[in-house]
$ cat target35.cif   # mmCIF, N, CA and C atoms
data_protein
#
loop_
_atom_site.label_atom_id
_atom_site.label_comp_id
_atom_site.auth_asym_id
_atom_site.auth_seq_id
_atom_site.Cartn_x
_atom_site.Cartn_y
_atom_site.Cartn_z
N MET A 102 -9.55 6.42 -176.44
CA MET A 102 -9.44 7.39 -177.51
C MET A 102 -9.13 8.75 -176.90
N THR A 103 -8.04 9.35 -177.27
CA THR A 103 -7.70 10.69 -176.79
C THR A 103 -8.04 11.71 -177.87
N THR A 104 -8.63 12.77 -177.43
CA THR A 104 -8.93 13.85 -178.36
C THR A 104 -8.04 15.03 -178.01
N SER A 105 -7.54 15.66 -179.02
CA SER A 105 -6.69 16.82 -178.77
C SER A 105 -7.59 18.02 -178.45
N ARG A 106 -7.03 18.89 -177.67
CA ARG A 106 -7.77 20.09 -177.31
C ARG A 106 -7.81 21.03 -178.51
N ASN A 107 -8.97 21.65 -178.71
CA ASN A 107 -9.08 22.56 -179.84
C ASN A 107 -8.51 23.93 -179.47
N LEU A 108 -8.35 24.77 -180.45
CA LEU A 108 -7.71 26.07 -180.24
C LEU A 108 -8.45 26.93 -179.20
N PRO A 109 -9.78 27.03 -179.23
CA PRO A 109 -10.43 27.81 -178.17
C PRO A 109 -10.14 27.29 -176.76
N GLN A 110 -10.07 25.96 -176.59
CA GLN A 110 -9.73 25.40 -175.27
C GLN A 110 -8.32 25.80 -174.87
N LEU A 111 -7.39 25.75 -175.80
CA LEU A 111 -6.00 26.12 -175.51
C LEU A 111 -5.89 27.60 -175.16
N LEU A 112 -6.64 28.45 -175.86
CA LEU A 112 -6.62 29.88 -175.56
C LEU A 112 -7.19 30.16 -174.16
N ILE A 113 -8.24 29.46 -173.80
CA ILE A 113 -8.82 29.62 -172.46
C ILE A 113 -7.82 29.19 -171.40
N GLU A 114 -7.14 28.07 -171.61
CA GLU A 114 -6.13 27.61 -170.65
C GLU A 114 -4.98 28.60 -170.53
N ALA A 115 -4.57 29.18 -171.66
CA ALA A 115 -3.48 30.17 -171.63
C ALA A 115 -3.91 31.42 -170.87
N LYS A 116 -5.13 31.86 -171.09
CA LYS A 116 -5.62 33.03 -170.36
C LYS A 116 -5.71 32.72 -168.87
N ARG A 117 -6.16 31.53 -168.52
CA ARG A 117 -6.25 31.14 -167.11
C ARG A 117 -4.86 31.13 -166.47
N TRP A 118 -3.84 30.69 -167.21
CA TRP A 118 -2.46 30.69 -166.71
C TRP A 118 -2.05 32.11 -166.34
N PHE A 119 -2.30 33.05 -167.24
CA PHE A 119 -1.96 34.45 -166.96
C PHE A 119 -2.79 35.01 -165.81
N ASP A 120 -4.11 34.74 -165.83
CA ASP A 120 -4.99 35.25 -164.77
C ASP A 120 -4.55 34.74 -163.40
N ASP A 121 -4.33 33.43 -163.29
CA ASP A 121 -3.94 32.84 -162.01
C ASP A 121 -2.62 33.42 -161.51
N ALA A 122 -1.65 33.52 -162.42
CA ALA A 122 -0.34 34.05 -162.03
C ALA A 122 -0.43 35.52 -161.64
N LEU A 123 -1.18 36.30 -162.40
CA LEU A 123 -1.33 37.73 -162.10
C LEU A 123 -2.01 37.94 -160.76
N LEU A 124 -3.13 37.28 -160.55
CA LEU A 124 -3.88 37.50 -159.31
C LEU A 124 -3.08 37.04 -158.09
N ALA A 125 -2.40 35.89 -158.19
CA ALA A 125 -1.59 35.40 -157.07
C ALA A 125 -0.40 36.33 -156.82
N SER A 126 0.23 36.80 -157.87
CA SER A 126 1.40 37.68 -157.72
C SER A 126 0.99 39.02 -157.11
N MET A 127 -0.13 39.55 -157.53
CA MET A 127 -0.60 40.83 -156.98
C MET A 127 -0.98 40.66 -155.51
N ARG A 128 -1.63 39.54 -155.19
CA ARG A 128 -2.00 39.27 -153.79
C ARG A 128 -0.75 39.14 -152.93
N GLN A 129 0.25 38.42 -153.43
CA GLN A 129 1.50 38.24 -152.68
C GLN A 129 2.21 39.58 -152.48
N ALA A 130 2.05 40.51 -153.42
CA ALA A 130 2.69 41.82 -153.32
C ALA A 130 1.93 42.77 -152.39
N GLY A 131 0.83 42.28 -151.81
CA GLY A 131 0.08 43.09 -150.86
C GLY A 131 -1.07 43.87 -151.45
N GLU A 132 -1.39 43.62 -152.72
CA GLU A 132 -2.52 44.30 -153.34
C GLU A 132 -3.83 43.66 -152.89
N GLN A 133 -4.91 44.41 -153.00
CA GLN A 133 -6.22 43.89 -152.64
C GLN A 133 -6.55 42.71 -153.56
N PRO A 134 -7.07 41.62 -153.01
CA PRO A 134 -7.40 40.47 -153.86
C PRO A 134 -8.58 40.77 -154.77
N LEU A 135 -8.44 40.41 -156.03
CA LEU A 135 -9.50 40.59 -157.02
C LEU A 135 -9.94 39.23 -157.54
N THR A 136 -11.16 39.19 -158.04
CA THR A 136 -11.63 38.00 -158.74
C THR A 136 -11.21 38.13 -160.20
N ALA A 137 -11.31 37.03 -160.93
CA ALA A 137 -11.00 37.06 -162.37
C ALA A 137 -11.95 38.02 -163.09
N ALA A 138 -13.22 38.07 -162.67
CA ALA A 138 -14.18 38.99 -163.29
C ALA A 138 -13.78 40.44 -163.05
N GLN A 139 -13.32 40.75 -161.85
CA GLN A 139 -12.88 42.11 -161.55
C GLN A 139 -11.63 42.46 -162.36
N ALA A 140 -10.72 41.52 -162.51
CA ALA A 140 -9.53 41.76 -163.32
C ALA A 140 -9.91 41.98 -164.79
N ALA A 141 -10.92 41.27 -165.27
CA ALA A 141 -11.38 41.43 -166.64
C ALA A 141 -11.95 42.82 -166.87
N VAL A 142 -12.60 43.39 -165.86
CA VAL A 142 -13.10 44.76 -165.97
C VAL A 142 -11.94 45.71 -166.20
N PHE A 143 -10.89 45.58 -165.40
CA PHE A 143 -9.71 46.44 -165.57
C PHE A 143 -9.10 46.27 -166.97
N ALA A 144 -9.05 45.05 -167.46
CA ALA A 144 -8.42 44.77 -168.76
C ALA A 144 -9.18 45.39 -169.92
N THR A 145 -10.46 45.68 -169.74
CA THR A 145 -11.28 46.19 -170.85
C THR A 145 -11.74 47.63 -170.66
N LEU A 146 -11.31 48.25 -169.58
CA LEU A 146 -11.74 49.61 -169.25
C LEU A 146 -10.96 50.64 -170.05
N ASP A 147 -11.66 51.61 -170.65
CA ASP A 147 -11.01 52.72 -171.34
C ASP A 147 -10.56 53.76 -170.33
N ALA A 148 -9.51 54.50 -170.65
CA ALA A 148 -8.97 55.51 -169.74
C ALA A 148 -10.00 56.57 -169.38
N GLU A 149 -10.82 56.96 -170.34
CA GLU A 149 -11.82 58.01 -170.08
C GLU A 149 -13.09 57.48 -169.43
N GLY A 150 -13.19 56.17 -169.30
CA GLY A 150 -14.35 55.54 -168.69
C GLY A 150 -15.14 54.73 -169.71
N THR A 151 -15.86 53.75 -169.21
CA THR A 151 -16.61 52.84 -170.07
C THR A 151 -17.93 52.52 -169.38
N SER A 152 -18.99 52.38 -170.16
CA SER A 152 -20.29 52.03 -169.58
C SER A 152 -20.31 50.56 -169.19
N ILE A 153 -21.19 50.22 -168.27
CA ILE A 153 -21.33 48.83 -167.85
C ILE A 153 -21.77 47.96 -169.03
N SER A 154 -22.66 48.48 -169.87
CA SER A 154 -23.10 47.71 -171.05
C SER A 154 -21.94 47.40 -171.97
N GLU A 155 -21.07 48.37 -172.20
CA GLU A 155 -19.93 48.16 -173.08
C GLU A 155 -18.93 47.18 -172.45
N LEU A 156 -18.71 47.30 -171.15
CA LEU A 156 -17.83 46.35 -170.47
C LEU A 156 -18.36 44.93 -170.62
N ALA A 157 -19.67 44.76 -170.43
CA ALA A 157 -20.28 43.43 -170.56
C ALA A 157 -20.10 42.88 -171.96
N ARG A 158 -20.27 43.74 -172.97
CA ARG A 158 -20.09 43.30 -174.36
C ARG A 158 -18.64 42.87 -174.60
N ARG A 159 -17.69 43.66 -174.13
CA ARG A 159 -16.27 43.35 -174.36
C ARG A 159 -15.84 42.07 -173.65
N ILE A 160 -16.34 41.86 -172.44
CA ILE A 160 -15.94 40.69 -171.67
C ILE A 160 -16.72 39.45 -172.11
N GLY A 161 -17.94 39.68 -172.62
CA GLY A 161 -18.77 38.56 -173.06
C GLY A 161 -19.58 37.95 -171.94
N VAL A 162 -20.01 38.79 -171.00
CA VAL A 162 -20.85 38.33 -169.89
C VAL A 162 -22.06 39.26 -169.78
N THR A 163 -22.94 38.96 -168.83
CA THR A 163 -24.13 39.78 -168.67
C THR A 163 -23.81 41.11 -167.97
N ARG A 164 -24.72 42.06 -168.14
CA ARG A 164 -24.57 43.34 -167.46
C ARG A 164 -24.57 43.14 -165.95
N GLN A 165 -25.37 42.19 -165.47
CA GLN A 165 -25.46 41.93 -164.04
C GLN A 165 -24.11 41.45 -163.48
N THR A 166 -23.43 40.60 -164.24
CA THR A 166 -22.12 40.10 -163.82
C THR A 166 -21.13 41.25 -163.72
N VAL A 167 -21.11 42.12 -164.73
CA VAL A 167 -20.21 43.27 -164.71
C VAL A 167 -20.60 44.22 -163.59
N HIS A 168 -21.90 44.42 -163.41
CA HIS A 168 -22.38 45.31 -162.34
C HIS A 168 -21.85 44.86 -160.98
N GLN A 169 -21.92 43.56 -160.71
CA GLN A 169 -21.41 43.02 -159.44
C GLN A 169 -19.91 43.26 -159.31
N ALA A 170 -19.16 42.97 -160.37
CA ALA A 170 -17.71 43.16 -160.33
C ALA A 170 -17.37 44.62 -160.13
N VAL A 171 -18.04 45.50 -160.85
CA VAL A 171 -17.77 46.94 -160.76
C VAL A 171 -18.07 47.44 -159.36
N HIS A 172 -19.19 47.05 -158.80
CA HIS A 172 -19.54 47.56 -157.47
C HIS A 172 -18.60 47.04 -156.38
N GLY A 173 -18.07 45.85 -156.57
CA GLY A 173 -17.03 45.38 -155.66
C GLY A 173 -15.78 46.23 -155.76
N LEU A 174 -15.42 46.60 -156.99
CA LEU A 174 -14.24 47.45 -157.21
C LEU A 174 -14.47 48.88 -156.72
N ILE A 175 -15.70 49.36 -156.81
CA ILE A 175 -16.02 50.69 -156.26
C ILE A 175 -15.89 50.65 -154.73
N ALA A 176 -16.37 49.58 -154.12
CA ALA A 176 -16.26 49.44 -152.66
C ALA A 176 -14.80 49.38 -152.22
N MET A 177 -13.93 48.85 -153.09
CA MET A 177 -12.50 48.77 -152.79
C MET A 177 -11.78 50.08 -153.13
N GLU A 178 -12.53 51.05 -153.65
CA GLU A 178 -12.02 52.37 -154.05
C GLU A 178 -11.02 52.29 -155.19
N LEU A 179 -11.20 51.29 -156.07
CA LEU A 179 -10.36 51.17 -157.25
C LEU A 179 -11.04 51.75 -158.49
N LEU A 180 -12.37 51.80 -158.47
CA LEU A 180 -13.15 52.38 -159.56
C LEU A 180 -14.15 53.38 -159.01
N GLU A 181 -14.66 54.23 -159.90
CA GLU A 181 -15.71 55.18 -159.54
C GLU A 181 -16.67 55.30 -160.71
N GLN A 182 -17.89 55.75 -160.40
CA GLN A 182 -18.88 56.05 -161.43
C GLN A 182 -18.92 57.55 -161.61
N VAL A 183 -18.96 57.98 -162.88
CA VAL A 183 -19.05 59.41 -163.18
C VAL A 183 -20.11 59.60 -164.26
N PRO A 184 -20.71 60.79 -164.34
CA PRO A 184 -21.68 61.04 -165.41
C PRO A 184 -21.02 60.91 -166.79
N ASP A 185 -21.78 60.39 -167.74
CA ASP A 185 -21.31 60.29 -169.12
C ASP A 185 -21.59 61.62 -169.81
N PRO A 186 -20.55 62.32 -170.26
CA PRO A 186 -20.79 63.62 -170.90
C PRO A 186 -21.61 63.51 -172.19
N ALA A 187 -21.66 62.33 -172.80
CA ALA A 187 -22.40 62.14 -174.05
C ALA A 187 -23.87 61.80 -173.82
N SER A 188 -24.23 61.43 -172.58
CA SER A 188 -25.61 61.01 -172.32
C SER A 188 -25.97 61.31 -170.87
N ALA A 189 -27.00 62.12 -170.67
CA ALA A 189 -27.41 62.48 -169.32
C ALA A 189 -27.93 61.28 -168.53
N ARG A 190 -28.39 60.23 -169.25
CA ARG A 190 -28.95 59.06 -168.56
C ARG A 190 -27.92 58.00 -168.25
N SER A 191 -26.71 58.15 -168.74
CA SER A 191 -25.72 57.09 -168.60
C SER A 191 -24.58 57.52 -167.67
N ARG A 192 -23.93 56.50 -167.11
CA ARG A 192 -22.77 56.74 -166.26
C ARG A 192 -21.60 55.92 -166.80
N LEU A 193 -20.41 56.43 -166.57
CA LEU A 193 -19.20 55.74 -166.98
C LEU A 193 -18.47 55.21 -165.76
N ILE A 194 -17.77 54.13 -165.97
CA ILE A 194 -16.95 53.54 -164.93
C ILE A 194 -15.50 53.86 -165.29
N ARG A 195 -14.75 54.39 -164.33
CA ARG A 195 -13.33 54.68 -164.59
C ARG A 195 -12.53 54.43 -163.32
N THR A 196 -11.22 54.36 -163.50
CA THR A 196 -10.36 54.08 -162.36
C THR A 196 -10.19 55.31 -161.49
N THR A 197 -9.99 55.06 -160.22
CA THR A 197 -9.58 56.11 -159.29
C THR A 197 -8.06 56.20 -159.37
N ALA A 198 -7.47 57.12 -158.65
CA ALA A 198 -6.01 57.21 -158.62
C ALA A 198 -5.42 55.90 -158.09
N GLU A 199 -6.03 55.34 -157.06
CA GLU A 199 -5.55 54.06 -156.51
C GLU A 199 -5.73 52.93 -157.52
N GLY A 200 -6.84 52.93 -158.23
CA GLY A 200 -7.07 51.92 -159.26
C GLY A 200 -6.07 52.03 -160.39
N ALA A 201 -5.72 53.26 -160.78
CA ALA A 201 -4.73 53.45 -161.84
C ALA A 201 -3.36 52.95 -161.39
N ARG A 202 -3.02 53.21 -160.13
CA ARG A 202 -1.75 52.72 -159.59
C ARG A 202 -1.71 51.19 -159.61
N ALA A 203 -2.78 50.56 -159.14
CA ALA A 203 -2.83 49.10 -159.12
C ALA A 203 -2.80 48.53 -160.54
N HIS A 204 -3.46 49.21 -161.46
CA HIS A 204 -3.47 48.75 -162.85
C HIS A 204 -2.07 48.83 -163.46
N ARG A 205 -1.35 49.91 -163.19
CA ARG A 205 0.04 50.02 -163.68
C ARG A 205 0.90 48.89 -163.11
N ARG A 206 0.69 48.58 -161.84
CA ARG A 206 1.46 47.50 -161.22
C ARG A 206 1.10 46.16 -161.87
N ALA A 207 -0.16 45.95 -162.15
CA ALA A 207 -0.59 44.71 -162.80
C ALA A 207 0.03 44.60 -164.19
N GLN A 208 0.10 45.70 -164.92
CA GLN A 208 0.72 45.69 -166.25
C GLN A 208 2.20 45.32 -166.14
N ALA A 209 2.87 45.82 -165.11
CA ALA A 209 4.28 45.47 -164.89
C ALA A 209 4.42 43.99 -164.57
N VAL A 210 3.51 43.45 -163.76
CA VAL A 210 3.54 42.01 -163.44
C VAL A 210 3.32 41.19 -164.71
N LEU A 211 2.39 41.62 -165.57
CA LEU A 211 2.15 40.89 -166.81
C LEU A 211 3.40 40.87 -167.70
N ALA A 212 4.15 41.95 -167.71
CA ALA A 212 5.39 41.98 -168.49
C ALA A 212 6.38 40.95 -167.95
N VAL A 213 6.47 40.83 -166.64
CA VAL A 213 7.36 39.84 -166.03
C VAL A 213 6.86 38.43 -166.35
N LEU A 214 5.55 38.23 -166.33
CA LEU A 214 4.98 36.92 -166.66
C LEU A 214 5.28 36.55 -168.11
N GLU A 215 5.23 37.52 -169.01
CA GLU A 215 5.57 37.24 -170.40
C GLU A 215 7.04 36.83 -170.52
N GLU A 216 7.91 37.46 -169.74
CA GLU A 216 9.32 37.07 -169.73
C GLU A 216 9.48 35.65 -169.20
N ALA A 217 8.73 35.32 -168.15
CA ALA A 217 8.80 33.95 -167.60
C ALA A 217 8.31 32.94 -168.63
N LEU A 218 7.27 33.29 -169.36
CA LEU A 218 6.77 32.40 -170.41
C LEU A 218 7.82 32.22 -171.50
N ALA A 219 8.48 33.32 -171.88
CA ALA A 219 9.54 33.24 -172.90
C ALA A 219 10.68 32.35 -172.43
N ASP A 220 11.00 32.40 -171.13
CA ASP A 220 12.03 31.52 -170.59
C ASP A 220 11.61 30.05 -170.69
N ARG A 221 10.31 29.79 -170.57
CA ARG A 221 9.82 28.41 -170.59
C ARG A 221 9.65 27.85 -172.00
N ILE A 222 9.08 28.66 -172.90
CA ILE A 222 8.76 28.11 -174.23
C ILE A 222 9.57 28.75 -175.35
N GLY A 223 10.37 29.74 -175.01
CA GLY A 223 11.24 30.38 -175.99
C GLY A 223 10.72 31.72 -176.45
N PRO A 224 11.61 32.70 -176.56
CA PRO A 224 11.20 34.03 -176.99
C PRO A 224 10.59 34.06 -178.39
N ALA A 225 11.11 33.24 -179.30
CA ALA A 225 10.58 33.21 -180.66
C ALA A 225 9.14 32.71 -180.68
N VAL A 226 8.84 31.73 -179.83
CA VAL A 226 7.48 31.19 -179.76
C VAL A 226 6.53 32.26 -179.20
N VAL A 227 6.97 32.96 -178.16
CA VAL A 227 6.14 34.02 -177.59
C VAL A 227 5.92 35.14 -178.61
N ASP A 228 6.96 35.51 -179.34
CA ASP A 228 6.82 36.54 -180.38
C ASP A 228 5.85 36.09 -181.47
N ALA A 229 5.96 34.83 -181.88
CA ALA A 229 5.06 34.29 -182.92
C ALA A 229 3.63 34.25 -182.41
N LEU A 230 3.45 33.88 -181.16
CA LEU A 230 2.12 33.84 -180.57
C LEU A 230 1.51 35.24 -180.54
N ARG A 231 2.28 36.22 -180.09
CA ARG A 231 1.80 37.61 -180.07
C ARG A 231 1.43 38.08 -181.47
N GLU A 232 2.29 37.77 -182.43
CA GLU A 232 2.04 38.19 -183.82
C GLU A 232 0.75 37.55 -184.36
N ALA A 233 0.56 36.26 -184.09
CA ALA A 233 -0.63 35.57 -184.57
C ALA A 233 -1.90 36.12 -183.93
N LEU A 234 -1.84 36.41 -182.64
CA LEU A 234 -3.02 36.91 -181.95
C LEU A 234 -3.32 38.36 -182.32
N ALA A 235 -2.30 39.13 -182.69
CA ALA A 235 -2.49 40.54 -183.04
C ALA A 235 -2.86 40.72 -184.51
N ALA A 236 -2.70 39.68 -185.32
CA ALA A 236 -3.01 39.79 -186.76
C ALA A 236 -4.50 40.04 -186.94
N PRO A 237 -4.87 40.78 -187.98
CA PRO A 237 -6.30 41.00 -188.24
C PRO A 237 -6.98 39.71 -188.72
N TRP A 238 -7.90 39.22 -187.95
CA TRP A 238 -8.60 37.98 -188.29
C TRP A 238 -9.85 38.22 -189.11
N GLY A 239 -10.32 39.46 -189.15
CA GLY A 239 -11.55 39.77 -189.84
C GLY A 239 -12.77 39.37 -189.01
N GLU A 240 -13.91 39.58 -189.59
CA GLU A 240 -15.15 39.19 -188.91
C GLU A 240 -15.24 37.68 -188.77
N PRO A 241 -15.86 37.18 -187.69
CA PRO A 241 -16.02 35.74 -187.55
C PRO A 241 -16.83 35.19 -188.73
N PRO A 242 -16.33 34.13 -189.37
CA PRO A 242 -17.05 33.59 -190.54
C PRO A 242 -18.23 32.73 -190.12
N LEU A 243 -19.19 32.66 -191.01
CA LEU A 243 -20.30 31.72 -190.86
C LEU A 243 -19.95 30.53 -191.74
N VAL A 244 -19.72 29.38 -191.13
CA VAL A 244 -19.32 28.20 -191.88
C VAL A 244 -20.41 27.14 -191.82
N ARG A 245 -20.38 26.26 -192.78
CA ARG A 245 -21.34 25.16 -192.81
C ARG A 245 -20.85 24.07 -191.87
N ALA A 246 -21.66 23.69 -190.90
CA ALA A 246 -21.30 22.63 -189.97
C ALA A 246 -21.19 21.31 -190.71
N PRO A 247 -20.11 20.55 -190.48
CA PRO A 247 -19.96 19.26 -191.16
C PRO A 247 -20.98 18.23 -190.70
#

$ encode --input "target35.cif" --output "structure tokens"
Amino acid sequence: MTTSRNLPQLLIEAKRWFDDALLASMRQAGEQPLTAAQAAVFATLDAEGTSISELARRIGVTRQTVHQAVHGLIAMELLEQVPDPASARSRLIRTTAEGARAHRRAQAVLAVLEEALADRIGPAVVDALREALAAPWGEPPLVRAP
């Protein structure tokens, strides 16, 4: 009996395809190697800085996991901690000049990966996928389990 993969499984596989290609391409280009968790921090970081708690919420992992990823990126001089102007007790995580440069390069690589995907599955399919994922889905519903 074969079971088809559900939509969340397919989305995870698609994200892994992009993550693997991005990280390998950046490494091949001579950039510092990052983990998927470190790349996720960059993907969810606001330009003005973001708290570790907010990063954890956005990524869907624990604060400890984000803390480890952030401190690895700080050691690589890609991120820095700065005081939060809205709260004397809080600190924000933001990119350094080197981190911003690497992030711009990663964004350029992602654009090339999207082109490669369009070559493989068709530009119309990629456009439809983007449109479906960008559509407002609303709040997650509470449904009755069958």

$ closest_residue --input "target35.cif" --among "A:Gln133, A:Leu234, A:Val210, A:Thr151" --to "Met177 (chain A)" --atoms "only N, CA and C atoms"
A:Gln133

$ closest_residue --input "target35.cif" --among "A:Ala170, A:Val227, A:Leu112, A:Ala203" --to "Thr136 (chain A)" --atoms "only N, CA and C atoms"
A:Ala170

$ closest_residue --input "target35.cif" --among "A:Pro134, A:Pro224, A:Pro247, A:Pro186" --to "Leu174 (chain A)" --atoms "only C-alpha atoms"
A:Pro134

$ atom_distance --input "target35.cif" --atom1 "atom N of Ala201 (chain A)" --atom2 "atom N of Leu180 (chain A)"
7.2 Å

$ resolve_selection --input "target35.cif" --expression "the PyMOL selection byres (((chain A and resi 143 and name CA) around 12) and name CA)" --output "NGL selection string"
:A and (135-142 or 144-148 or 150-151 or 156 or 159-160 or 167 or 170-171 or 174 or 179-180 or 194-197 or 200-205 or 207-208)

$ atom_distance --input "target35.cif" --atom1 "atom C of Ala125 (chain A)" --atom2 "CA of Glu215 (chain A)"
14.9 Å

$ residues_around --input "target35.cif" --residues "Ala122 (chain A)" --least-positions-apart "4" --cutoff "9 Å" --atoms "only C-alpha atoms" --output "list of chain:residue names"
A:Arg117, A:Trp118, A:Ser126, A:Met127, A:Val210, A:Leu211, A:Leu214

$ atom_distance --input "target35.cif" --atom1 "atom N of Asp120 (chain A)" --atom2 "atom N of Glu240 (chain A)"
26.2 Å

$ select_by_dssp --input "target35.cif" --residues "region 109-231 of chain A" --states "alpha helix (DSSP H)" --output "VMD selection string"
chain A and resid 109 to 129 137 to 145 153 to 160 164 to 176 198 to 222 224 to 231

$ select_by_dssp --input "target35.cif" --residues "region 137-197 of chain A" --states "strand (DSSP E)" --output "ChimeraX atom specification"
/A:180-185,188-196
